[in-house]
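Peer 1: Starting off with a structure, shown below.
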Amino acid sequence: LLAVADKAHRWTLLEEGVRQLGWFPTSPFFGPAVGSNPLGVEGYKTLAYEIAEDLDWQVPDWCLLPVCYGDALVGRIIAALDASPAAKNTIVVVWSDHGWHLGEKQHLHKFTLWERSTRVPFIVMAPGVTRAGTRSVRPVGLVDLFPTLNELCGLPPVPTLDGQSLVPLLRDPARTWERPALTTHGLGNHALRNERWRYIRYVDGGEELYDHRTDPYEWTNLATRPEHAALKTTLAALMPQTNHEEVGTARAEEKKEKKIPKKERTEKKAAAQKP
């Protein structure tokens with residue numbers, strides 16, 4: 001895609017993107033290794049370092065270029081939609097699956113529960129519901145997308161979903177929104193994000209707490225400070241109380257079970273059903 005774009009225009013977009021972000025240093029890996037992040041990504045970190053070296057350490061440049069170009073293409077698609085008869089009857093949603101660390105906290109990958117890798121674009125244009133130019137600072141999750149589209153399309157709600165419809169927030173972006181956004185990475189590792197705080201709790205007992213009012217890039221872990229004990233208790237109560245086993249673990253056990261001879265599997269199942 002980049003090959004067909006005008007080179008001068010690409011670099012103009014890149015320079016504007018860096019100017020708006022304003023926090024990229026000259027060093028490819030910067031800042032202290034804040035927090036524990038025990039998510040088992042050492043092998044991936046090694047690969048990331050090798051990729052960075054291949055790119056002459058110009059990682060932010062190479063990552064921002066396709067983002068800027070992709071943004072321009074989204075604009076072209078929306079312009080074409082606006083000029084078509086379908087404009088007043090089409091819901092548009094722009095979102096991403098995850099963010100990406102570009103060296104901060106010694107990380108160059110997505111496997112963290114910090115803001116940089118868990119915050120994503122989430123843009124909804126719904127004719128008759130949203131208003132151009134409005135923006136909400138309320139934290140929401142991608143699990144809310146399904147019930148939101150359900151309501152926008154006039155379909156019946158699905159009561160078993162974990163997410164909630166964002167239609168009330170689309171109509172009034174400033175309305176009160178008490179529910180924080182939850183992110184889970186692996187078994188028992190969770191992060192909660194409300195408008196001010198990010199609270200992370202790992203399965204090994206590690207904790208991290210960041211105040212986004214004063215520390216938007218999450219450099220200072222406040223979890224050990226006694227003055228925040230009550231806040232942590234409040235946020236911890238909103239964490240999942242039960243954890244489903246990891247999907248990969250379940251599949252591995254299923255494959256392992258299939259390798260057992262059929263007769264032995266039948267006997268094992270019958271024994272398990274005895275009172």
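Chains: A, B, ... in order of the structure tokens. Residues: from 1 per chain. Ligands: from 1, in order shown.
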Using only C-alpha atoms, which protein or nucleic acid residues come within 7 Å of range 188-200 of chain A? Drop anything in the same chain fewer than 5 positions from it, and give the result as a list in words.
Peer 2: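 These residues fall inside the cut-off: Leu113, Arg138, Pro139, Pro180, Ala181, Leu182, Thr183, Glu207, Glu208, Leu209, Tyr210, Asp211, His212, Arg213 and Asn243 of chain A.
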Peer 1: Contacts of Val158 in chain A at 12 Å or less, counting only C-alpha atoms, minus same-chain residues fewer than 6 places along, as an MDAnalysis selection string?
Peer 2: chainID A and resid 144 146:151 164:165
Peer 1: Keeping only N, CA, C and O atoms, take the residues you just selected and write them out as a short mmCIF file (atom, residue, chain, number, x, y, z; two decimals), in the first residue's frame.
Peer 2:
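Listing of selection38.cif after writing:
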```cif
data_model
loop_
_atom_site.label_atom_id
_atom_site.label_comp_id
_atom_site.auth_asym_id
_atom_site.auth_seq_id
_atom_site.Cartn_x
_atom_site.Cartn_y
_atom_site.Cartn_z
N ASP A 144 -18.41 -4.41 24.15
CA ASP A 144 -19.63 -3.62 24.05
C ASP A 144 -20.09 -3.44 22.60
O ASP A 144 -21.20 -2.94 22.36
N PHE A 146 -20.81 -5.70 20.12
CA PHE A 146 -21.89 -6.59 19.71
C PHE A 146 -23.26 -6.08 20.20
O PHE A 146 -24.18 -5.86 19.38
N PRO A 147 -23.43 -5.85 21.51
CA PRO A 147 -24.74 -5.36 21.95
C PRO A 147 -25.09 -3.98 21.41
O PRO A 147 -26.27 -3.66 21.23
N THR A 148 -24.07 -3.16 21.11
CA THR A 148 -24.33 -1.84 20.53
C THR A 148 -24.91 -1.97 19.13
O THR A 148 -25.92 -1.33 18.79
N LEU A 149 -24.28 -2.79 18.30
CA LEU A 149 -24.79 -2.99 16.94
C LEU A 149 -26.15 -3.66 16.96
O LEU A 149 -27.01 -3.37 16.12
N ASN A 150 -26.35 -4.56 17.92
CA ASN A 150 -27.65 -5.21 18.06
C ASN A 150 -28.76 -4.17 18.23
O ASN A 150 -29.80 -4.21 17.57
N GLU A 151 -28.52 -3.22 19.15
CA GLU A 151 -29.55 -2.20 19.42
C GLU A 151 -29.69 -1.24 18.25
O GLU A 151 -30.82 -0.86 17.88
N GLN A 164 -22.19 -4.32 27.17
CA GLN A 164 -23.44 -3.58 27.27
C GLN A 164 -23.55 -2.62 26.09
O GLN A 164 -22.53 -2.18 25.54
N SER A 165 -24.76 -2.29 25.71
CA SER A 165 -24.97 -1.39 24.58
C SER A 165 -24.46 0.01 24.90
O SER A 165 -24.70 0.55 25.99
#
```
Peer 1: Could you please write out, as a PyMOL selection string, every residue of range 89-262 of chain A that DSSP assigns to helix (DSSP H, G or I)?
Peer 2: chain A and resi 89+115-118+142-152+167-171+226-236+247-258+262
Peer 1: Near Thr118 in chain A, counting only C-alpha atoms, which residues have an atom at most 9 Å away, once you skip same-chain residues fewer than 5 positions from it, shown as a list of chain:residue names?
Peer 2: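 Near neighbours after the sequence-gap exclusion: A:Asp97, A:His98, A:Gly99, A:Trp100, A:Lys110, A:Thr112, A:Leu113, A:Thr183.
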Peer 1: Next, the residues of the selection above should be written as a compact mmCIF listing (two decimals), in the first residue's frame with N, CA and C atoms.
Peer 2:
```
# COMPACT_ATOMS: atom_id res chain seq x y z
N ASP A 97 -7.76 -4.14 17.18
CA ASP A 97 -7.75 -5.25 18.14
C ASP A 97 -6.84 -4.96 19.33
N HIS A 98 -5.79 -4.17 19.15
CA HIS A 98 -4.87 -3.87 20.25
C HIS A 98 -3.96 -2.71 19.86
N GLY A 99 -3.26 -2.16 20.84
CA GLY A 99 -2.25 -1.14 20.58
C GLY A 99 -0.88 -1.79 20.43
N TRP A 100 0.17 -0.97 20.63
CA TRP A 100 1.53 -1.50 20.42
C TRP A 100 2.54 -0.62 21.14
N LYS A 110 2.93 -6.13 21.99
CA LYS A 110 1.57 -5.80 22.43
C LYS A 110 1.18 -6.53 23.72
N THR A 112 0.99 -6.61 26.98
CA THR A 112 0.98 -6.00 28.30
C THR A 112 -0.46 -5.62 28.63
N LEU A 113 -0.68 -5.25 29.88
CA LEU A 113 -1.98 -4.74 30.31
C LEU A 113 -1.93 -3.23 30.53
N THR A 183 -9.79 -5.43 30.78
CA THR A 183 -8.95 -6.15 29.82
C THR A 183 -8.32 -7.34 30.52
```
Peer 1: Given the choices A:His107, A:Arg171, A:His101, A:Lys232, which gets closest to Met125 in chain A if the distance is worked out from only C-alpha atoms?
Peer 2: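 So, comparing all the options, the nearest one is A:Arg171.
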Peer 1: If you measure from CA of Arg116 in chain A to CA of Glu218 in chain A, what distance in Å do you get, rounded to one decimal?
Peer 2: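 Calculated distance between CA of Arg116 in chain A and CA of Glu218 in chain A is 9.1 Å.
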Peer 1: For each of A:Ala126, A:Val92, A:Leu187, A:Leu108, take the minimum atom-to-atom distance to Val167 in chain A, counting only C-alpha atoms, then give the residue where this is smallest.
Peer 2: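 Counting only C-alpha atoms, the residue closest to Val167 in chain A is A:Ala126.
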